[in-house]
>>> print(open('model_8.tsv').read())   # TSV, N, CA and C atoms
chain	number	residue	atom	x	y	z
C	9	MET	N	88.79	12.06	215.27
C	9	MET	CA	88.18	13.09	216.09
C	9	MET	C	89.15	14.27	216.28
C	10	GLU	N	90.44	13.98	216.23
C	10	GLU	CA	91.43	15.04	216.40
C	10	GLU	C	91.31	16.07	215.28
C	11	SER	N	90.96	15.61	214.08
C	11	SER	CA	90.83	16.54	212.95
C	11	SER	C	89.67	17.53	213.15
C	12	ILE	N	88.68	17.14	213.96
C	12	ILE	CA	87.53	18.01	214.19
C	12	ILE	C	87.71	18.86	215.44
C	13	TRP	N	88.12	18.23	216.58
C	13	TRP	CA	88.13	18.91	217.87
C	13	TRP	C	89.51	19.36	218.33
C	14	GLY	N	90.58	19.00	217.60
C	14	GLY	CA	91.91	19.47	217.97
C	14	GLY	C	92.74	18.40	218.68
C	15	LYS	N	93.99	18.74	218.98
C	15	LYS	CA	94.94	17.79	219.58
C	15	LYS	C	94.50	17.30	220.95
C	16	ASP	N	93.77	18.11	221.70
C	16	ASP	CA	93.34	17.72	223.05
C	16	ASP	C	91.92	17.18	223.05
C	17	CYS	N	91.51	16.51	221.96
C	17	CYS	CA	90.13	16.04	221.81
C	17	CYS	C	89.73	15.00	222.85
C	18	LEU	N	90.68	14.26	223.42
C	18	LEU	CA	90.35	13.21	224.39
C	18	LEU	C	90.30	13.73	225.82
C	19	GLU	N	90.66	14.98	226.03
C	19	GLU	CA	90.64	15.56	227.38
C	19	GLU	C	89.26	16.15	227.67
C	20	PHE	N	88.84	16.01	228.93
C	20	PHE	CA	87.56	16.57	229.36
C	20	PHE	C	87.75	18.06	229.62
C	21	LYS	N	87.20	18.88	228.76
C	21	LYS	CA	87.32	20.34	228.88
C	21	LYS	C	85.97	20.98	228.59
C	22	PRO	N	85.14	21.14	229.62
C	22	PRO	CA	83.82	21.75	229.39
C	22	PRO	C	83.92	23.17	228.85
C	23	GLU	N	85.03	23.84	229.10
C	23	GLU	CA	85.17	25.21	228.63
C	23	GLU	C	85.19	25.31	227.10
C	24	ARG	N	85.33	24.18	226.41
C	24	ARG	CA	85.26	24.19	224.94
C	24	ARG	C	83.92	24.73	224.47
C	25	TRP	N	82.87	24.47	225.22
C	25	TRP	CA	81.53	24.82	224.80
C	25	TRP	C	80.95	25.99	225.59
C	26	ILE	N	81.82	26.71	226.32
C	26	ILE	CA	81.36	27.86	227.09
C	26	ILE	C	82.13	29.08	226.61
C	27	SER	N	81.41	30.15	226.28
C	27	SER	CA	82.06	31.36	225.77
C	27	SER	C	82.70	32.14	226.92
C	28	GLU	N	83.42	33.19	226.58
C	28	GLU	CA	84.06	34.04	227.59
C	28	GLU	C	83.02	34.74	228.46
C	29	ARG	N	81.81	34.91	227.94
C	29	ARG	CA	80.73	35.54	228.70
C	29	ARG	C	79.98	34.55	229.59
C	30	GLY	N	80.34	33.25	229.48
C	30	GLY	CA	79.67	32.23	230.29
C	30	GLY	C	78.46	31.61	229.63
C	31	ARG	N	78.29	31.84	228.35
C	31	ARG	CA	77.16	31.26	227.62
C	31	ARG	C	77.61	30.05	226.81
C	32	ILE	N	76.65	29.24	226.41
C	32	ILE	CA	76.95	28.05	225.62
C	32	ILE	C	77.31	28.46	224.20
C	33	LEU	N	78.43	27.94	223.70
C	33	LEU	CA	78.85	28.22	222.33
C	33	LEU	C	78.03	27.41	221.34
C	34	HIS	N	77.74	28.00	220.21
C	34	HIS	CA	77.05	27.28	219.14
C	34	HIS	C	78.09	26.50	218.34
C	35	VAL	N	77.88	25.19	218.20
C	35	VAL	CA	78.77	24.35	217.40
C	35	VAL	C	77.99	23.98	216.14
C	36	PRO	N	78.56	24.25	214.97
C	36	PRO	CA	77.84	23.96	213.72
C	36	PRO	C	77.45	22.48	213.61
C	37	SER	N	76.28	22.22	213.08
C	37	SER	CA	75.78	20.85	212.91
C	37	SER	C	76.65	20.02	211.98
C	38	PHE	N	77.43	20.66	211.14
C	38	PHE	CA	78.28	19.94	210.20
C	38	PHE	C	79.37	19.15	210.91
C	39	LYS	N	79.65	19.46	212.18
C	39	LYS	CA	80.66	18.72	212.94
C	39	LYS	C	80.13	17.39	213.45
C	40	PHE	N	78.82	17.20	213.48
C	40	PHE	CA	78.22	15.96	213.95
C	40	PHE	C	77.72	15.17	212.73
C	41	ILE	N	78.59	14.34	212.17
C	41	ILE	CA	78.27	13.67	210.92
C	41	ILE	C	77.11	12.68	211.04
C	42	ALA	N	76.79	12.26	212.25
C	42	ALA	CA	75.70	11.28	212.42
C	42	ALA	C	74.35	11.86	212.02
C	43	PHE	N	74.14	13.15	212.19
C	43	PHE	CA	72.84	13.75	211.94
C	43	PHE	C	72.76	14.56	210.66
C	44	ASN	N	73.89	14.70	209.96
C	44	ASN	CA	73.96	15.49	208.75
C	44	ASN	C	73.60	16.94	209.07
C	45	ALA	N	73.41	17.76	208.08
C	45	ALA	CA	73.08	19.17	208.32
C	45	ALA	C	72.38	19.72	207.09
C	46	GLY	N	71.87	20.93	207.24
C	46	GLY	CA	71.20	21.57	206.12
C	46	GLY	C	69.80	21.02	205.91
C	47	PRO	N	69.32	21.01	204.65
C	47	PRO	CA	67.95	20.60	204.39
C	47	PRO	C	67.69	19.10	204.61
C	48	ARG	N	68.75	18.31	204.70
C	48	ARG	CA	68.57	16.86	204.88
C	48	ARG	C	68.99	16.41	206.28
C	49	THR	N	68.78	17.25	207.24
C	49	THR	CA	69.14	16.89	208.62
C	49	THR	C	68.22	15.78	209.14
C	50	CYS	N	68.71	15.01	210.05
C	50	CYS	CA	67.97	13.86	210.59
C	50	CYS	C	66.72	14.32	211.33
C	51	LEU	N	65.59	13.69	211.06
C	51	LEU	CA	64.33	14.06	211.71
C	51	LEU	C	64.33	13.69	213.19
C	52	GLY	N	65.06	12.65	213.56
C	52	GLY	CA	65.08	12.20	214.95
C	52	GLY	C	66.20	12.78	215.78
C	53	LYS	N	66.87	13.80	215.26
C	53	LYS	CA	68.04	14.38	215.95
C	53	LYS	C	67.71	14.87	217.36
C	54	GLU	N	66.66	15.65	217.51
C	54	GLU	CA	66.31	16.21	218.82
C	54	GLU	C	65.97	15.11	219.82
C	55	MET	N	65.21	14.10	219.39
C	55	MET	CA	64.87	13.00	220.27
C	55	MET	C	66.11	12.20	220.64
C	56	ALA	N	67.02	12.02	219.70
C	56	ALA	CA	68.27	11.31	219.98
C	56	ALA	C	69.10	12.06	221.02
C	57	PHE	N	69.14	13.38	220.93
C	57	PHE	CA	69.89	14.18	221.92
C	57	PHE	C	69.25	14.06	223.30
C	58	ILE	N	67.93	14.07	223.37
C	58	ILE	CA	67.24	13.93	224.66
C	58	ILE	C	67.55	12.56	225.27
C	59	GLN	N	67.44	11.51	224.46
C	59	GLN	CA	67.74	10.16	224.95
C	59	GLN	C	69.19	10.05	225.39
C	60	MET	N	70.09	10.63	224.62
C	60	MET	CA	71.51	10.58	224.96
C	60	MET	C	71.78	11.27	226.29
C	61	LYS	N	71.16	12.41	226.52
C	61	LYS	CA	71.35	13.13	227.78
C	61	LYS	C	70.82	12.34	228.97
C	62	ILE	N	69.68	11.70	228.80
C	62	ILE	CA	69.10	10.89	229.88
C	62	ILE	C	70.00	9.72	230.22
C	63	ILE	N	70.46	9.00	229.20
C	63	ILE	CA	71.29	7.82	229.43
C	63	ILE	C	72.64	8.21	230.03
C	64	VAL	N	73.26	9.24	229.47
C	64	VAL	CA	74.57	9.67	229.99
C	64	VAL	C	74.46	10.17	231.42
C	65	SER	N	73.41	10.91	231.75
C	65	SER	CA	73.27	11.39	233.13
C	65	SER	C	73.06	10.23	234.09
C	66	ALA	N	72.31	9.21	233.68
C	66	ALA	CA	72.11	8.03	234.55
C	66	ALA	C	73.42	7.28	234.75
C	67	ILE	N	74.21	7.15	233.71
C	67	ILE	CA	75.50	6.45	233.83
C	67	ILE	C	76.44	7.25	234.72
C	68	ILE	N	76.53	8.55	234.50
C	68	ILE	CA	77.44	9.38	235.30
C	68	ILE	C	77.01	9.40	236.77
C	69	TRP	N	75.71	9.37	237.03
C	69	TRP	CA	75.21	9.39	238.41
C	69	TRP	C	75.56	8.10	239.15
C	70	ASN	N	75.48	6.97	238.45
C	70	ASN	CA	75.64	5.68	239.11
C	70	ASN	C	77.02	5.05	239.00
C	71	TYR	N	77.84	5.48	238.05
C	71	TYR	CA	79.13	4.83	237.82
C	71	TYR	C	80.26	5.83	237.62
C	72	HIS	N	81.45	5.37	237.91
C	72	HIS	CA	82.66	6.09	237.51
C	72	HIS	C	83.18	5.34	236.30
C	73	VAL	N	83.19	5.97	235.14
C	73	VAL	CA	83.62	5.29	233.91
C	73	VAL	C	84.88	5.94	233.37
C	74	GLN	N	85.70	5.11	232.75
C	74	GLN	CA	86.95	5.60	232.19
C	74	GLN	C	87.31	4.71	231.00
C	75	VAL	N	87.75	5.31	229.90
C	75	VAL	CA	88.16	4.55	228.73
C	75	VAL	C	89.40	3.74	229.09
C	76	VAL	N	89.43	2.49	228.66
C	76	VAL	CA	90.57	1.61	228.92
C	76	VAL	C	91.81	2.24	228.31
C	77	GLU	N	92.87	2.30	229.09
C	77	GLU	CA	94.11	2.94	228.64
C	77	GLU	C	94.67	2.23	227.41
C	78	GLY	N	95.01	3.01	226.40
C	78	GLY	CA	95.58	2.47	225.17
C	78	GLY	C	94.55	2.05	224.14
C	79	HIS	N	93.26	2.10	224.48
C	79	HIS	CA	92.21	1.71	223.52
C	79	HIS	C	92.02	2.82	222.48
C	80	PRO	N	92.09	2.49	221.18
C	80	PRO	CA	91.91	3.53	220.16
C	80	PRO	C	90.46	4.00	220.09
C	81	VAL	N	90.28	5.30	220.10
C	81	VAL	CA	88.94	5.89	220.03
C	81	VAL	C	88.82	6.64	218.72
C	82	SER	N	88.04	6.09	217.79
C	82	SER	CA	87.82	6.76	216.52
C	82	SER	C	86.49	6.31	215.94
C	83	PRO	N	85.78	7.23	215.26
C	83	PRO	CA	84.48	6.87	214.70
C	83	PRO	C	84.63	6.06	213.42
C	84	GLY	N	83.72	5.14	213.20
C	84	GLY	CA	83.63	4.43	211.94
C	84	GLY	C	82.48	5.05	211.17
C	85	ILE	N	82.74	5.60	210.04
C	85	ILE	CA	81.72	6.34	209.29
C	85	ILE	C	80.85	5.36	208.50
C	86	SER	N	79.56	5.42	208.77
C	86	SER	CA	78.57	4.60	208.06
C	86	SER	C	77.23	5.30	208.17
C	87	ILE	N	76.17	4.65	207.74
C	87	ILE	CA	74.84	5.26	207.86
C	87	ILE	C	74.50	5.49	209.32
C	88	ILE	N	74.85	4.52	210.16
C	88	ILE	CA	74.68	4.65	211.61
C	88	ILE	C	76.06	4.88	212.20
C	89	LEU	N	76.25	5.98	212.89
C	89	LEU	CA	77.58	6.28	213.44
C	89	LEU	C	77.91	5.32	214.56
C	90	GLN	N	79.04	4.63	214.41
C	90	GLN	CA	79.51	3.68	215.41
C	90	GLN	C	81.00	3.92	215.66
C	91	MET	N	81.48	3.40	216.78
C	91	MET	CA	82.91	3.47	217.06
C	91	MET	C	83.61	2.41	216.23
C	92	LYS	N	84.73	2.77	215.63
C	92	LYS	CA	85.45	1.85	214.75
C	92	LYS	C	85.89	0.59	215.48
C	93	HIS	N	86.37	0.73	216.70
C	93	HIS	CA	86.87	-0.40	217.50
C	93	HIS	C	86.02	-0.63	218.74
C	94	GLY	N	84.80	-0.13	218.77
C	94	GLY	CA	83.99	-0.19	219.99
C	94	GLY	C	84.52	0.82	220.99
C	95	LEU	N	83.98	0.83	222.18
C	95	LEU	CA	84.47	1.74	223.21
C	95	LEU	C	84.61	0.94	224.50
C	96	LYS	N	85.83	0.45	224.73
C	96	LYS	CA	86.08	-0.35	225.93
C	96	LYS	C	86.29	0.56	227.11
C	97	MET	N	85.54	0.29	228.17
C	97	MET	CA	85.61	1.15	229.34
C	97	MET	C	85.67	0.33	230.61
C	98	ASP	N	86.33	0.90	231.62
C	98	ASP	CA	86.30	0.36	232.96
C	98	ASP	C	85.22	1.10	233.71
C	99	GLN	N	84.45	0.40	234.52
C	99	GLN	CA	83.41	1.06	235.29
C	99	GLN	C	83.46	0.60	236.73
C	100	GLN	N	83.11	1.53	237.59
C	100	GLN	CA	83.05	1.24	239.02
C	100	GLN	C	81.71	1.75	239.53
C	101	ASN	N	80.94	0.87	240.16
C	101	ASN	CA	79.63	1.23	240.68
C	101	ASN	C	79.80	2.15	241.88
C	102	LEU	N	79.14	3.29	241.85
C	102	LEU	CA	79.25	4.25	242.95
C	102	LEU	C	78.32	3.92	244.10
C	103	ALA	N	77.38	3.01	243.90
C	103	ALA	CA	76.44	2.54	244.94
C	103	ALA	C	75.79	3.71	245.67
C	104	ARG	N	75.34	4.70	244.94
C	104	ARG	CA	74.67	5.85	245.55
C	104	ARG	C	73.28	5.50	246.02
C	105	HIS	N	72.60	4.66	245.27
C	105	HIS	CA	71.21	4.35	245.57
C	105	HIS	C	71.04	2.88	245.90
C	106	LYS	N	71.15	2.56	247.15
C	106	LYS	CA	70.90	1.19	247.59
C	106	LYS	C	69.44	1.11	248.02
C	107	LEU	N	68.74	0.15	247.49
C	107	LEU	CA	67.34	0.01	247.86
C	107	LEU	C	67.23	-0.61	249.24
C	108	SER	N	66.29	-0.12	250.00
C	108	SER	CA	66.11	-0.64	251.36
C	108	SER	C	65.22	-1.88	251.32
C	109	TYR	N	65.42	-2.78	252.25
C	109	TYR	CA	64.61	-3.98	252.39
C	109	TYR	C	64.00	-3.97	253.78
C	110	PRO	N	62.78	-3.43	253.91
C	110	PRO	CA	62.14	-3.42	255.22
C	110	PRO	C	61.93	-4.86	255.72
C	111	ARG	N	61.99	-5.05	257.02
C	111	ARG	CA	61.88	-6.39	257.61
C	111	ARG	C	60.54	-7.05	257.30
C	112	ASN	N	59.48	-6.26	257.23
C	112	ASN	CA	58.15	-6.85	257.03
C	112	ASN	C	57.75	-6.94	255.56
C	113	ALA	N	58.58	-6.49	254.64
C	113	ALA	CA	58.24	-6.53	253.22
C	113	ALA	C	58.92	-7.73	252.55
C	114	PRO	N	58.22	-8.39	251.62
C	114	PRO	CA	58.79	-9.56	250.97
C	114	PRO	C	59.87	-9.22	249.94
C	115	GLY	N	59.85	-8.01	249.37
C	115	GLY	CA	60.81	-7.67	248.32
C	115	GLY	C	61.40	-6.30	248.53
C	116	PRO	N	62.17	-5.82	247.55
C	116	PRO	CA	62.80	-4.52	247.69
C	116	PRO	C	61.79	-3.38	247.70
C	117	SER	N	62.12	-2.35	248.46
C	117	SER	CA	61.28	-1.16	248.52
C	117	SER	C	61.73	-0.21	247.42
C	118	SER	N	60.84	0.62	246.94
C	118	SER	CA	61.20	1.57	245.89
C	118	SER	C	61.82	2.83	246.46
C	119	GLN	N	61.94	2.87	247.78
C	119	GLN	CA	62.48	4.07	248.41
C	119	GLN	C	63.98	3.93	248.61
C	120	CYS	N	64.73	4.88	248.11
C	120	CYS	CA	66.19	4.88	248.25
C	120	CYS	C	66.55	5.22	249.69
C	121	VAL	N	67.48	4.48	250.25
C	121	VAL	CA	67.90	4.69	251.63
C	121	VAL	C	68.49	6.09	251.82
C	122	GLN	N	69.28	6.54	250.85
C	122	GLN	CA	69.95	7.83	250.99
C	122	GLN	C	69.03	9.00	250.68
C	123	CYS	N	68.03	8.80	249.82
C	123	CYS	CA	67.14	9.90	249.46
C	123	CYS	C	65.91	10.00	250.37
C	124	ALA	N	65.67	9.01	251.20
C	124	ALA	CA	64.48	8.99	252.06
C	124	ALA	C	64.35	10.25	252.91
C	125	PRO	N	65.43	10.74	253.56
C	125	PRO	CA	65.29	11.96	254.35
C	125	PRO	C	64.87	13.17	253.52
C	126	LEU	N	65.22	13.20	252.24
C	126	LEU	CA	64.88	14.33	251.38
C	126	LEU	C	63.39	14.35	251.06
C	127	ARG	N	62.76	13.18	251.03
C	127	ARG	CA	61.35	13.10	250.68
C	127	ARG	C	60.43	13.44	251.85
C	128	ASN	N	60.91	13.28	253.07
C	128	ASN	CA	60.06	13.51	254.24
C	128	ASN	C	59.98	14.96	254.62
>>> encode(input="model_8.tsv", output="C-alpha cells")
Amino acid sequence: MESIWGKDCLEFKPERWISERGRILHVPSFKFIAFNAGPRTCLGKEMAFIQMKIIVSAIIWNYHVQVVEGHPVSPGISIILQMKHGLKMDQQNLARHKLSYPRNAPGPSSQCVQCAPLRN
C-alpha cells in the first residue's frame, strides 16, 4: 500500500482526499485494483461502495477499532481482493445504543434509550 499511497499510508489523514478549495479530490480508478478500470471495470463497483459505506459507518458508530500493533497490513492480489495476513483488530464496544426493557414488556424494546428524547 505504501507504493500507492506514500510513506504515511497507515496514518488517518482525511485531507488526502480534500482539495485546497475544500472539495473532494478525484482518485483514479486504477489505484483500486479490486474493481479494475477502463472498459472492463467491475459492474458491481457502485453497489460494493454503498455496502462498504453502510458497514463501515455502523462499525465506526458502535465500536472503537484499532489495528493490532505490529500486525502487517498488505493486500493479497487475487480475483477477490483480500488482506494477505487478514486484518487483526482490537475493538471496544461504545455502548451508544442500549435497548430499553420496559417492565411490562416480555422482551427488548426497539426504542433506543439514548435516542428516545429525539423522537418525541
>>> closest_residue(input="model_8.tsv", among="C:Met60, C:Ala42, C:Tyr71, C:Cys50", to="Ser86 of chain C", atoms="all atoms listed in the file")
C:Ala42
>>> atom_distance(input="model_8.tsv", atom1="atom CA of Lys96 of chain C", atom2="atom CA of Ile58 of chain C")
23.7 Å
>>> atom_distance(input="model_8.tsv", atom1="atom N of Ser11 of chain C", atom2="atom CA of Met55 of chain C")
26.9 Å
>>> atom_distance(input="model_8.tsv", atom1="atom N of Ile85 of chain C", atom2="atom N of Arg24 of chain C")
24.9 Å
